$ cat entry-v9.cif   # mmCIF, C-alpha atoms
data_run
loop_
_atom_site.label_atom_id
_atom_site.label_comp_id
_atom_site.auth_asym_id
_atom_site.auth_seq_id
_atom_site.Cartn_x
_atom_site.Cartn_y
_atom_site.Cartn_z
CA MET A 1 36.50 -26.42 -35.88
CA LYS A 2 33.48 -25.04 -34.03
CA ASN A 3 33.53 -21.27 -33.67
CA GLY A 4 33.04 -19.83 -30.18
CA LEU A 5 31.33 -16.70 -28.95
CA ARG A 6 34.19 -14.36 -27.98
CA ARG A 7 36.13 -12.00 -30.23
CA ALA A 8 39.91 -11.81 -30.27
CA VAL A 9 42.73 -9.77 -31.68
CA PHE A 10 45.70 -11.93 -32.64
CA PHE A 11 49.08 -10.22 -32.84
CA ASP A 12 52.38 -11.16 -34.36
CA ARG A 13 55.16 -10.51 -31.85
CA ASP A 14 58.35 -9.07 -33.36
CA GLY A 15 57.63 -5.84 -35.23
CA VAL A 16 54.13 -5.53 -33.78
CA LEU A 17 54.22 -5.82 -29.99
CA ASN A 18 57.95 -5.26 -29.68
CA ASP A 19 60.41 -3.60 -32.01
CA ALA A 20 62.02 -5.95 -34.52
CA VAL A 21 65.72 -5.87 -35.25
CA VAL A 22 65.80 -4.85 -38.93
CA VAL A 23 68.88 -5.91 -40.92
CA GLU A 24 69.10 -5.10 -44.63
CA GLY A 25 65.37 -4.57 -44.85
CA ARG A 26 64.38 -7.79 -43.07
CA PRO A 27 63.03 -8.08 -39.51
CA TYR A 28 64.53 -10.32 -36.84
CA PRO A 29 63.59 -11.00 -33.20
CA PRO A 30 65.55 -9.70 -30.22
CA ALA A 31 68.12 -12.19 -28.99
CA SER A 32 67.21 -11.91 -25.31
CA ALA A 33 64.72 -10.38 -22.89
CA ALA A 34 67.19 -7.61 -22.17
CA GLU A 35 66.97 -6.49 -25.80
CA VAL A 36 63.16 -6.29 -25.86
CA ARG A 37 61.78 -2.86 -26.64
CA ILE A 38 58.00 -2.65 -26.36
CA ALA A 39 56.55 -1.07 -29.51
CA ALA A 40 55.49 2.56 -29.20
CA GLY A 41 51.86 2.84 -28.17
CA ALA A 42 51.46 -0.91 -27.61
CA PRO A 43 50.39 -0.77 -23.93
CA GLU A 44 47.75 1.87 -24.63
CA ALA A 45 46.48 0.17 -27.81
CA LEU A 46 46.11 -3.22 -26.14
CA ALA A 47 44.48 -1.67 -23.08
CA GLU A 48 41.81 -0.10 -25.31
CA LEU A 49 41.18 -3.39 -27.09
CA LYS A 50 41.01 -5.25 -23.78
CA ALA A 51 38.52 -2.71 -22.44
CA ALA A 52 36.37 -3.30 -25.54
CA GLY A 53 36.10 -6.97 -24.62
CA PHE A 54 38.62 -8.52 -26.99
CA VAL A 55 40.73 -11.53 -26.02
CA LEU A 56 44.35 -10.62 -26.83
CA ILE A 57 46.58 -13.42 -28.14
CA CYS A 58 50.09 -13.24 -29.52
CA VAL A 59 50.92 -15.84 -32.21
CA THR A 60 54.58 -15.90 -33.12
CA ASN A 61 56.91 -17.88 -35.39
CA GLN A 62 60.30 -18.53 -33.77
CA PRO A 63 62.12 -20.70 -36.33
CA ASP A 64 65.54 -19.89 -34.85
CA VAL A 65 64.74 -22.54 -32.24
CA ALA A 66 64.57 -25.22 -34.94
CA ARG A 67 67.64 -23.72 -36.60
CA GLY A 68 69.65 -23.97 -33.39
CA LYS A 69 70.16 -20.23 -33.15
CA GLN A 70 67.82 -19.69 -30.20
CA THR A 71 66.69 -21.67 -27.16
CA HIS A 72 63.20 -22.38 -25.87
CA GLU A 73 64.24 -20.73 -22.60
CA ALA A 74 65.28 -17.48 -24.30
CA VAL A 75 61.99 -17.35 -26.23
CA ALA A 76 60.06 -17.95 -23.00
CA ALA A 77 62.00 -15.15 -21.26
CA ILE A 78 61.20 -12.71 -24.07
CA ASN A 79 57.54 -13.70 -23.90
CA ALA A 80 57.52 -13.22 -20.14
CA ARG A 81 58.83 -9.71 -20.66
CA LEU A 82 55.91 -8.99 -23.01
CA ARG A 83 53.41 -10.47 -20.56
CA GLU A 84 54.73 -8.10 -17.89
CA ALA A 85 54.31 -5.05 -20.10
CA LEU A 86 51.13 -5.88 -22.03
CA PRO A 87 47.65 -7.20 -21.10
CA LEU A 88 47.98 -10.35 -23.21
CA ASP A 89 45.80 -13.37 -22.47
CA GLU A 90 48.23 -15.82 -24.04
CA ILE A 91 51.33 -16.12 -26.21
CA LEU A 92 51.42 -19.09 -28.59
CA VAL A 93 54.72 -20.05 -30.20
CA CYS A 94 55.66 -22.11 -33.25
CA PRO A 95 59.32 -23.18 -32.83
CA HIS A 96 59.47 -24.94 -36.22
CA ASP A 97 60.96 -24.09 -39.60
CA ASP A 98 59.33 -24.49 -43.01
CA ALA A 99 61.02 -27.84 -43.58
CA ASP A 100 59.28 -29.29 -40.51
CA GLY A 101 55.92 -29.18 -42.28
CA CYS A 102 53.98 -28.27 -39.13
CA VAL A 103 50.46 -26.85 -39.00
CA CYS A 104 51.37 -24.00 -36.64
CA ARG A 105 53.99 -22.04 -38.58
CA LYS A 106 52.41 -19.01 -40.18
CA PRO A 107 51.09 -18.63 -42.87
CA ALA A 108 49.37 -21.81 -41.69
CA PRO A 109 46.49 -20.85 -39.37
CA GLY A 110 47.29 -23.45 -36.69
CA LEU A 111 48.20 -21.05 -33.88
CA LEU A 112 45.07 -18.99 -34.43
CA ILE A 113 42.89 -22.09 -34.49
CA GLN A 114 44.59 -23.34 -31.32
CA GLY A 115 44.00 -20.01 -29.60
CA ALA A 116 40.39 -19.94 -30.73
CA ALA A 117 39.76 -23.39 -29.29
CA ARG A 118 41.39 -22.52 -25.97
CA HIS A 119 39.52 -19.23 -25.50
CA ASP A 120 36.14 -19.91 -27.17
CA ILE A 121 36.90 -17.47 -30.00
CA HIS A 122 34.66 -16.71 -32.96
CA LEU A 123 37.21 -16.33 -35.73
CA PRO A 124 35.06 -14.44 -38.30
CA GLY A 125 34.51 -11.75 -35.67
CA SER A 126 38.22 -11.54 -34.84
CA PHE A 127 41.28 -9.77 -36.21
CA MET A 128 44.91 -10.61 -37.02
CA VAL A 129 47.54 -7.84 -36.81
CA GLY A 130 50.96 -8.45 -38.33
CA ASP A 131 53.85 -6.82 -40.11
CA ARG A 132 54.50 -9.49 -42.76
CA TRP A 133 52.55 -11.42 -45.38
CA ARG A 134 52.79 -14.62 -43.31
CA ASP A 135 50.74 -12.96 -40.57
CA THR A 136 47.94 -11.65 -42.75
CA LEU A 137 47.72 -14.85 -44.80
CA ALA A 138 47.44 -16.89 -41.60
CA GLY A 139 44.66 -14.57 -40.45
CA HIS A 140 42.91 -14.88 -43.79
CA ARG A 141 43.10 -18.67 -43.70
CA ALA A 142 41.66 -18.68 -40.18
CA GLY A 143 38.75 -16.52 -41.35
CA CYS A 144 39.75 -13.33 -39.52
CA ARG A 145 39.92 -9.77 -40.76
CA THR A 146 43.52 -8.71 -41.19
CA VAL A 147 45.62 -5.60 -40.51
CA LEU A 148 49.12 -5.01 -41.87
CA ILE A 149 51.53 -2.67 -40.09
CA ASP A 150 53.65 -1.82 -43.11
CA TYR A 151 57.29 -1.09 -42.40
CA GLY A 152 58.34 -1.45 -46.03
CA TYR A 153 60.36 -4.64 -45.53
CA GLN A 154 62.37 -5.82 -48.51
CA GLU A 155 60.41 -9.00 -49.19
CA SER A 156 57.89 -10.10 -51.79
CA TRP A 157 54.19 -10.33 -50.93
CA SER A 158 52.12 -13.50 -51.04
CA GLY A 159 48.41 -13.94 -50.44
CA PRO A 160 45.39 -11.62 -50.59
CA PRO A 161 45.71 -7.99 -49.51
CA PRO A 162 44.92 -7.15 -45.88
CA HIS A 163 41.63 -5.56 -44.95
CA HIS A 164 43.50 -2.54 -43.56
CA THR A 165 47.06 -1.24 -43.89
CA THR A 166 48.70 1.23 -41.52
CA THR A 167 52.07 2.16 -40.07
CA THR A 168 51.32 2.08 -36.34
CA LEU A 169 49.79 -0.28 -33.82
CA ALA A 170 47.77 2.61 -32.41
CA ASP A 171 46.06 3.15 -35.76
CA ALA A 172 45.52 -0.61 -36.16
CA ALA A 173 43.73 -0.70 -32.79
CA ALA A 174 41.65 2.37 -33.69
CA TRP A 175 40.55 0.76 -36.95
CA ILE A 176 39.62 -2.49 -35.17
CA LEU A 177 37.59 -0.60 -32.58
CA LYS A 178 35.82 1.37 -35.31
CA GLU A 179 35.02 -1.82 -37.21
CA ALA A 180 33.74 -3.47 -34.05
CA SER A 181 31.51 -0.55 -33.08
CA MET A 182 30.15 0.00 -36.57
CA ASN A 183 29.54 -3.63 -37.36
CA LYS A 184 27.04 -4.74 -34.74
CA ALA A 185 26.14 -7.44 -37.24
CA ASP A 186 28.91 -9.69 -35.93
CA GLU A 187 27.10 -10.46 -32.69
CA ILE A 188 23.95 -11.43 -34.59
CA LEU A 189 25.62 -13.27 -37.49
CA THR A 190 27.70 -15.28 -35.04
CA LYS A 191 24.54 -17.05 -33.92
CA LEU A 192 23.58 -18.17 -37.41
CA LYS A 193 24.24 -21.77 -38.45
CA VAL A 194 23.46 -21.33 -42.14
CA LYS A 195 26.54 -20.86 -44.32
CA MET A 196 26.57 -17.91 -46.70
CA PHE A 197 27.84 -18.41 -50.27
CA ALA A 198 28.37 -15.64 -52.83
CA ASP A 199 26.66 -16.09 -56.20
CA GLY A 200 28.46 -14.32 -59.01
CA ALA A 201 30.97 -14.42 -61.84
CA ASP A 202 32.63 -11.02 -61.59
CA ARG A 203 36.25 -11.64 -60.57
CA ALA A 204 36.63 -8.41 -58.57
CA GLY A 205 33.34 -9.03 -56.78
CA MET A 206 34.26 -12.63 -56.00
CA LEU A 207 37.59 -11.56 -54.53
CA GLU A 208 35.85 -8.90 -52.46
CA MET A 209 33.57 -11.58 -51.01
CA TYR A 210 36.57 -13.92 -50.54
CA ARG A 211 38.03 -11.37 -48.16
CA ASN A 212 34.79 -11.40 -46.18
CA PRO A 213 35.14 -14.04 -43.43
CA TRP A 214 31.38 -14.64 -43.39
CA ILE A 215 31.40 -15.95 -46.97
CA LYS A 216 32.10 -19.68 -46.89
CA GLY A 217 31.79 -20.59 -50.58
CA PHE A 218 30.79 -19.53 -54.09
CA THR A 219 28.37 -20.46 -56.84
CA THR A 220 28.30 -19.41 -60.49
CA ASN A 221 26.05 -20.05 -63.47
CA PRO A 222 26.14 -19.34 -67.23
CA THR A 223 23.73 -16.40 -66.90
CA LEU A 224 25.98 -14.64 -64.38
CA MET A 225 29.05 -15.40 -66.52
CA ARG A 226 27.38 -13.90 -69.58
CA LYS A 227 26.47 -10.76 -67.63
CA ALA A 228 30.10 -10.49 -66.46
CA GLY A 229 31.33 -10.70 -70.04
CA ILE A 230 33.08 -14.06 -69.63
CA ALA A 231 34.09 -15.39 -73.06
CA ASN A 232 36.30 -18.35 -72.13
CA TYR A 233 34.53 -20.53 -69.55
CA GLU A 234 37.43 -22.83 -68.66
CA LYS A 235 40.02 -20.02 -68.54
CA PHE A 236 37.81 -18.04 -66.17
CA ALA A 237 37.26 -21.06 -63.93
CA HIS A 238 40.96 -21.86 -63.63
CA GLU A 239 41.82 -18.22 -62.90
CA ILE A 240 39.22 -18.09 -60.12
CA LEU A 241 40.33 -21.41 -58.64
CA GLU A 242 43.90 -20.14 -58.55
CA VAL A 243 42.93 -17.22 -56.28
CA ILE A 244 40.13 -19.01 -54.37
CA PRO A 245 41.60 -22.46 -53.73
CA ASP A 246 40.12 -23.21 -50.32
CA ARG A 247 36.35 -22.61 -50.43
CA PRO A 248 33.70 -24.57 -52.33
CA ILE A 249 32.91 -23.25 -55.82
CA SER A 250 30.19 -24.57 -58.13
CA PHE A 251 30.57 -24.49 -61.92
CA GLU A 252 27.61 -25.46 -64.09
CA VAL A 253 27.43 -27.65 -67.18
CA PHE A 254 25.79 -25.88 -70.11
CA SER A 255 24.80 -28.61 -72.55
CA ASP A 256 21.17 -29.63 -73.04
CA GLU A 257 22.00 -33.26 -73.87
CA PHE A 258 22.65 -35.64 -71.00
CA ASN A 259 25.57 -37.45 -72.63
CA ASP A 260 27.30 -34.12 -73.20
CA MET A 261 26.37 -32.96 -69.68
CA LYS A 262 28.17 -36.04 -68.38
CA ARG A 263 31.24 -35.28 -70.50
CA GLN A 264 31.31 -31.68 -69.26
CA ALA A 265 30.79 -32.74 -65.64
CA LEU A 266 33.70 -35.19 -65.80
CA ALA A 267 35.85 -32.45 -67.34
CA ILE A 268 34.95 -29.87 -64.67
CA ALA A 269 35.22 -32.11 -61.58
CA PRO A 270 39.05 -32.51 -61.64
CA TRP A 271 39.64 -28.74 -61.75
CA GLY A 272 40.00 -28.63 -57.97
CA ALA A 273 39.24 -30.41 -54.72
CA ASN A 274 36.87 -27.54 -53.88
CA VAL A 275 34.89 -27.84 -57.11
CA TYR A 276 31.22 -28.84 -57.23
CA VAL A 277 29.58 -29.52 -60.61
CA LYS A 278 26.17 -27.94 -61.11
CA ILE A 279 23.66 -30.12 -62.92
CA PRO A 280 20.16 -28.82 -63.73
CA VAL A 281 17.30 -30.99 -62.48
CA THR A 282 15.99 -31.27 -66.07
CA ASN A 283 17.02 -30.23 -69.55
CA THR A 284 15.09 -27.63 -71.55
CA ARG A 285 12.69 -30.33 -72.79
CA GLY A 286 11.68 -31.15 -69.23
CA GLU A 287 13.44 -34.52 -69.28
CA SER A 288 14.67 -35.56 -65.85
CA ALA A 289 18.40 -35.52 -65.09
CA ILE A 290 17.96 -38.06 -62.27
CA PRO A 291 19.70 -40.96 -64.10
CA LEU A 292 22.70 -38.75 -64.85
CA ILE A 293 22.75 -37.39 -61.28
CA ARG A 294 22.71 -40.91 -59.87
CA GLU A 295 25.51 -42.03 -62.21
CA LEU A 296 27.78 -39.07 -61.46
CA ALA A 297 27.17 -39.35 -57.70
CA LYS A 298 28.23 -43.00 -57.77
CA GLN A 299 31.38 -41.99 -59.66
CA GLY A 300 32.33 -39.68 -56.79
CA VAL A 301 31.60 -36.36 -58.51
CA LYS A 302 30.60 -33.65 -56.04
CA LEU A 303 27.36 -32.23 -57.39
CA ASN A 304 25.22 -29.16 -56.91
CA VAL A 305 21.86 -30.08 -58.42
CA THR A 306 20.18 -26.83 -59.35
CA ALA A 307 16.90 -25.20 -60.40
CA LEU A 308 14.65 -27.25 -58.10
CA LEU A 309 11.31 -25.69 -57.16
CA THR A 310 9.15 -28.57 -55.89
CA LEU A 311 9.33 -31.05 -53.03
CA ASP A 312 8.97 -33.95 -55.48
CA GLN A 313 12.13 -32.77 -57.19
CA VAL A 314 13.92 -32.54 -53.84
CA ARG A 315 12.79 -36.05 -52.90
CA ASP A 316 13.94 -37.57 -56.20
CA VAL A 317 17.26 -35.73 -56.33
CA SER A 318 18.15 -36.57 -52.72
CA ALA A 319 17.45 -40.24 -53.32
CA ALA A 320 19.65 -40.17 -56.44
CA LEU A 321 22.53 -38.53 -54.52
CA ALA A 322 22.31 -40.95 -51.58
CA GLY A 323 25.56 -42.74 -50.81
CA GLY A 324 27.58 -40.66 -53.26
CA ALA A 325 30.08 -37.85 -52.90
CA PRO A 326 29.25 -34.74 -50.80
CA SER A 327 26.61 -32.82 -52.74
CA CYS A 328 24.19 -29.91 -52.62
CA VAL A 329 20.50 -29.68 -53.46
CA SER A 330 19.71 -26.17 -54.66
CA VAL A 331 16.10 -25.03 -54.29
CA PHE A 332 15.28 -21.66 -55.85
CA ALA A 333 13.29 -20.23 -52.94
CA GLY A 334 13.43 -16.74 -54.45
CA ARG A 335 11.71 -17.91 -57.62
CA ILE A 336 9.08 -19.67 -55.53
CA ALA A 337 8.43 -16.33 -53.80
CA ASP A 338 8.20 -14.63 -57.20
CA THR A 339 5.05 -16.67 -57.85
CA GLY A 340 3.34 -15.32 -54.73
CA ARG A 341 4.01 -18.46 -52.69
CA ASP A 342 5.71 -18.44 -49.29
CA PRO A 343 8.89 -20.52 -49.71
CA VAL A 344 9.47 -21.04 -45.98
CA PRO A 345 7.16 -24.07 -45.47
CA LEU A 346 8.52 -25.76 -48.59
CA MET A 347 12.13 -25.14 -47.56
CA ALA A 348 11.45 -26.50 -44.07
CA ALA A 349 10.07 -29.67 -45.60
CA ALA A 350 13.00 -29.86 -48.00
CA VAL A 351 15.44 -29.72 -45.07
CA GLU A 352 13.78 -32.79 -43.57
CA LEU A 353 14.07 -34.67 -46.87
CA VAL A 354 17.74 -33.82 -47.37
CA ASN A 355 18.65 -34.54 -43.75
CA GLN A 356 17.73 -38.20 -44.25
CA TYR A 357 21.07 -38.53 -46.02
CA GLY A 358 24.44 -37.72 -44.53
CA ASN A 359 26.14 -36.52 -47.70
CA GLN A 360 23.88 -33.64 -48.71
CA GLU A 361 23.30 -29.98 -47.91
CA LEU A 362 20.28 -27.90 -48.88
CA ILE A 363 20.89 -24.55 -50.57
CA TRP A 364 18.37 -21.69 -50.35
CA ALA A 365 18.99 -20.20 -53.80
CA SER A 366 18.02 -16.92 -55.50
CA PRO A 367 17.21 -14.94 -52.34
CA ARG A 368 15.63 -11.56 -52.94
CA GLU A 369 16.48 -9.81 -49.66
CA LEU A 370 18.71 -10.05 -46.61
CA LEU A 371 15.81 -11.33 -44.50
CA ASN A 372 15.98 -14.57 -46.47
CA ILE A 373 19.27 -15.41 -44.71
CA PHE A 374 17.49 -15.44 -41.36
CA GLN A 375 14.56 -17.37 -42.81
CA ALA A 376 16.95 -19.96 -44.21
CA ASP A 377 18.64 -20.27 -40.84
CA SER A 378 15.34 -20.59 -38.98
CA VAL A 379 14.28 -23.66 -40.98
CA GLY A 380 17.69 -25.34 -40.68
CA CYS A 381 18.85 -24.76 -44.24
CA HIS A 382 22.55 -25.56 -44.58
CA ILE A 383 23.57 -22.93 -47.16
CA ILE A 384 22.17 -19.77 -48.70
CA THR A 385 23.76 -18.38 -51.86
CA ALA A 386 23.21 -14.71 -52.65
CA THR A 387 24.50 -12.10 -55.04
CA ASN A 388 26.92 -9.43 -53.87
CA ASP A 389 24.27 -6.72 -53.74
CA VAL A 390 22.42 -8.73 -51.08
CA LEU A 391 25.54 -9.78 -49.18
CA LYS A 392 26.85 -6.21 -49.03
CA LYS A 393 23.87 -5.41 -46.80
CA LEU A 394 25.23 -7.68 -44.04
CA ALA A 395 26.69 -4.62 -42.34
CA LEU A 396 23.12 -3.37 -41.83
CA VAL A 397 22.14 -6.32 -39.65
CA GLY A 398 21.06 -5.02 -36.25
CA LYS A 399 21.33 -1.37 -37.29
CA ASP A 400 19.32 1.02 -35.14
CA LEU A 401 16.13 1.83 -37.05
CA ARG A 402 16.00 5.47 -35.93
CA GLU A 403 19.57 5.90 -37.16
CA TYR A 404 18.63 4.20 -40.41
CA SER A 405 15.64 6.52 -40.77
CA LEU A 406 17.92 9.52 -40.39
CA ASP A 407 20.34 8.05 -42.95
CA THR A 408 17.44 7.73 -45.40
CA VAL A 409 16.27 11.31 -44.93
CA THR A 410 19.86 12.52 -45.32
CA MET A 411 20.24 10.53 -48.54
CA PHE A 412 17.09 12.08 -50.03
CA TYR A 413 18.24 15.59 -49.07
CA LYS A 414 21.74 15.08 -50.45
CA ASP A 415 20.48 13.71 -53.76
CA ALA A 416 17.97 16.55 -54.17
CA THR A 417 20.65 19.14 -53.41
CA GLU A 418 23.20 17.62 -55.77
CA ALA A 419 20.56 17.37 -58.51
CA GLY A 420 19.96 21.14 -58.19
CA PHE A 421 16.19 20.82 -57.91
CA SER A 422 14.20 23.98 -57.29
CA LEU A 423 10.52 24.96 -56.99
#
$ encode --input "entry-v9.cif" --output "structure tokens"
Amino acid sequence: MKNGLRRAVFFDRDGVLNDAVVVEGRPYPPASAAEVRIAAGAPEALAELKAAGFVLICVTNQPDVARGKQTHEAVAAINARLREALPLDEILVCPHDDADGCVCRKPAPGLLIQGAARHDIHLPGSFMVGDRWRDTLAGHRAGCRTVLIDYGYQESWSGPPPHHTTTTLADAAAWILKEASMNKADEILTKLKVKMFADGADRAGMLEMYRNPWIKGFTTNPTLMRKAGIANYEKFAHEILEVIPDRPISFEVFSDEFNDMKRQALAIAPWGANVYVKIPVTNTRGESAIPLIRELAKQGVKLNVTALLTLDQVRDVSAALAGGAPSCVSVFAGRIADTGRDPVPLMAAAVELVNQYGNQELIWASPRELLNIFQADSVGCHIITATNDVLKKLALVGKDLREYSLDTVTMFYKDATEAGFSL
């Protein structure tokens, strides 16, 4: 799906916009429009969000329709009551039950994706507010930031934790408005076409980036795993794939012999549909991995060919990958810059080489600063993979420089004071 330009707040209905009927610790919808009680503070909260420019969309599961306990007409009447009381742009309903296997019943993200398409919504800049795990997981899968209004329901939790937890809709709206005002980066990052991947092997750091809707995939390597103290390679990989099942992740072979690289690659590839196998462009003796790359590509292994630094390497690798499975060509632009060379012209030429083939994406690897993301985007690079310390600076994008100057002076003063310096 193509992301739009507008931001939205998606709301669950029962328990968020109107009071749920709670029976034995579980929430249920009102049976009729006459029973609808608008949630405390909802009109004011939605009015503030509307004034801030958000599109307001309700996305609600109503499985009692499929179960024969409720009618479409009664659901429509309840929704009409909400539309009268609240400044909603649309209410989208899933009338199915789990057994129907639809794409719209939360935690599936179908309703959010439908709303985004209808209203030109940029999902990474949007929010999902709910009172159950199905709501926040749907928001997560759609790429939104998520807010849980926690009423302490007696039900088990599934999925990643929400970005914010509260007990009132008013506080949820206040947090969203604060996030929106503080993070001016959204408006700028929305315009970027390059996809941002997180490069790391620290589980907590990877999960932190997984909750960031701007991060579209992950890469690892043996050096990062060693720094993170990983002792069991395969155990670590399976544990990560269990919690990050829906974004591309690259795992690298670590043999120096091509026959053993092939064995390792064929062992890694079946770990998950989102797995890419990283193959170095040469071994430590400088022998080319092109024959192995060509063979694995023809066998349908998704590859991430890594450690490229020259255009000749890009040309040869791209030709070897041609016609095979979806693959990545990873050029270490940061290491090129380390030698005093400007990587931008080389990366621009590399994009042209890779774009000759429909199954490949170029990765700008080993970036040294946040600016590299914008450089990668300007030359048409498909992906940039960066460590968490670089990606954590995304919130600084577009920050007022005078404000940043004051922050810097304040930091120096605070550190000097806390250190107890005196002259």
$ atom_distance --input "entry-v9.cif" --atom1 "CA of Arg134 in chain A" --atom2 "CA of Trp157 in chain A"
8.9 Å
$ closest_residue --input "entry-v9.cif" --among "A:Leu346, A:Ala116, A:Val354, A:Ile121" --to "Ala322 in chain A" --atoms "only C-alpha atoms"
A:Val354
$ resolve_selection --input "entry-v9.cif" --expression "the PyMOL selection byres ((chain A and resi 69-83) around 12)" --output "ChimeraX atom specification"
/A:12-14,16-19,28-39,42-43,46,56-68,84-97
$ closest_atom_pairs --input "entry-v9.cif" --of "range 252-315 of chain A" --to "range 218-230 of chain A" --cutoff "9 Å" --atoms "all atoms listed in the file" --output "JSON lines"
{"residue": "A:Glu252", "atom": "CA", "partner": "A:Asn221", "partner_atom": "CA", "distance": 5.7}
{"residue": "A:Val253", "atom": "CA", "partner": "A:Pro222", "partner_atom": "CA", "distance": 8.4}
{"residue": "A:Phe254", "atom": "CA", "partner": "A:Pro222", "partner_atom": "CA", "distance": 7.2}
{"residue": "A:Tyr276", "atom": "CA", "partner": "A:Thr219", "partner_atom": "CA", "distance": 8.9}
{"residue": "A:Lys278", "atom": "CA", "partner": "A:Asn221", "partner_atom": "CA", "distance": 8.2}
$ resolve_selection --input "entry-v9.cif" --expression "the PyMOL selection byres ((chain A and resi 127) around 6)" --output "ChimeraX atom specification"
/A:9,126,128,144-146
$ write_last_selection --input "entry-v9.cif" --atoms "C-alpha atoms" --output "CSV table (one decimal), in the frame of the given file"
chain,number,residue,atom,x,y,z
A,9,VAL,CA,42.7,-9.8,-31.7
A,126,SER,CA,38.2,-11.5,-34.8
A,128,MET,CA,44.9,-10.6,-37.0
A,144,CYS,CA,39.8,-13.3,-39.5
A,145,ARG,CA,39.9,-9.8,-40.8
A,146,THR,CA,43.5,-8.7,-41.2
$ resolve_selection --input "entry-v9.cif" --expression "the PyMOL selection byres ((chain A and resi 131) around 6)" --output "list in words"
Gly130, Arg132, Leu148, Ile149 and Asp150 of chain A
$ write_last_selection --input "entry-v9.cif" --atoms "C-alpha atoms" --output "PDB file, in the coordinates of the input"
ATOM      1  CA  GLY A 130      50.960  -8.450 -38.330  1.00  0.00           C
ATOM      2  CA  ARG A 132      54.500  -9.490 -42.760  1.00  0.00           C
ATOM      3  CA  LEU A 148      49.120  -5.010 -41.870  1.00  0.00           C
ATOM      4  CA  ILE A 149      51.530  -2.670 -40.090  1.00  0.00           C
ATOM      5  CA  ASP A 150      53.650  -1.820 -43.110  1.00  0.00           C
TER       6      ASP A 150
END
$ atom_distance --input "entry-v9.cif" --atom1 "CA of Tyr357 in chain A" --atom2 "CA of Leu321 in chain A"
8.6 Å
$ decode --input "entry-v9.cif" --residues "range 336-349 of chain A" --atoms "N, CA and C atoms" --output "mmCIF file, in the first residue's frame"
data_model
loop_
_atom_site.group_PDB
_atom_site.id
_atom_site.type_symbol
_atom_site.label_atom_id
_atom_site.label_comp_id
_atom_site.auth_asym_id
_atom_site.auth_seq_id
_atom_site.Cartn_x
_atom_site.Cartn_y
_atom_site.Cartn_z
ATOM 1 N N ILE A 336 33.526 3.771 2.558
ATOM 2 C CA ILE A 336 34.074 4.562 1.455
ATOM 3 C C ILE A 336 34.412 5.972 1.956
ATOM 4 N N ALA A 337 33.507 6.552 2.735
ATOM 5 C CA ALA A 337 33.730 7.890 3.290
ATOM 6 C C ALA A 337 34.916 7.898 4.246
ATOM 7 N N ASP A 338 35.136 6.783 4.949
ATOM 8 C CA ASP A 338 36.263 6.700 5.877
ATOM 9 C C ASP A 338 37.610 6.876 5.170
ATOM 10 N N THR A 339 37.633 6.611 3.870
ATOM 11 C CA THR A 339 38.889 6.726 3.115
ATOM 12 C C THR A 339 39.083 8.124 2.530
ATOM 13 N N GLY A 340 38.167 9.040 2.859
ATOM 14 C CA GLY A 340 38.267 10.402 2.340
ATOM 15 C C GLY A 340 37.592 10.593 1.000
ATOM 16 N N ARG A 341 36.877 9.577 0.527
ATOM 17 C CA ARG A 341 36.166 9.664 -0.744
ATOM 18 C C ARG A 341 34.691 9.973 -0.498
ATOM 19 N N ASP A 342 34.101 10.763 -1.364
ATOM 20 C CA ASP A 342 32.670 11.069 -1.291
ATOM 21 C C ASP A 342 31.898 9.870 -1.837
ATOM 22 N N PRO A 343 31.075 9.212 -1.031
ATOM 23 C CA PRO A 343 30.364 8.032 -1.516
ATOM 24 C C PRO A 343 29.160 8.344 -2.397
ATOM 25 N N VAL A 344 28.701 9.592 -2.409
ATOM 26 C CA VAL A 344 27.455 9.913 -3.103
ATOM 27 C C VAL A 344 27.525 9.614 -4.599
ATOM 28 N N PRO A 345 28.563 10.054 -5.338
ATOM 29 C CA PRO A 345 28.600 9.732 -6.772
ATOM 30 C C PRO A 345 28.636 8.230 -7.036
ATOM 31 N N LEU A 346 29.394 7.493 -6.226
ATOM 32 C CA LEU A 346 29.455 6.047 -6.417
ATOM 33 C C LEU A 346 28.099 5.399 -6.146
ATOM 34 N N MET A 347 27.422 5.838 -5.107
ATOM 35 C CA MET A 347 26.112 5.259 -4.781
ATOM 36 C C MET A 347 25.082 5.589 -5.860
ATOM 37 N N ALA A 348 25.155 6.787 -6.413
ATOM 38 C CA ALA A 348 24.233 7.147 -7.499
ATOM 39 C C ALA A 348 24.440 6.242 -8.706
ATOM 40 N N ALA A 349 25.704 5.965 -9.011
ATOM 41 C CA ALA A 349 25.990 5.065 -10.128
ATOM 42 C C ALA A 349 25.562 3.632 -9.802
#
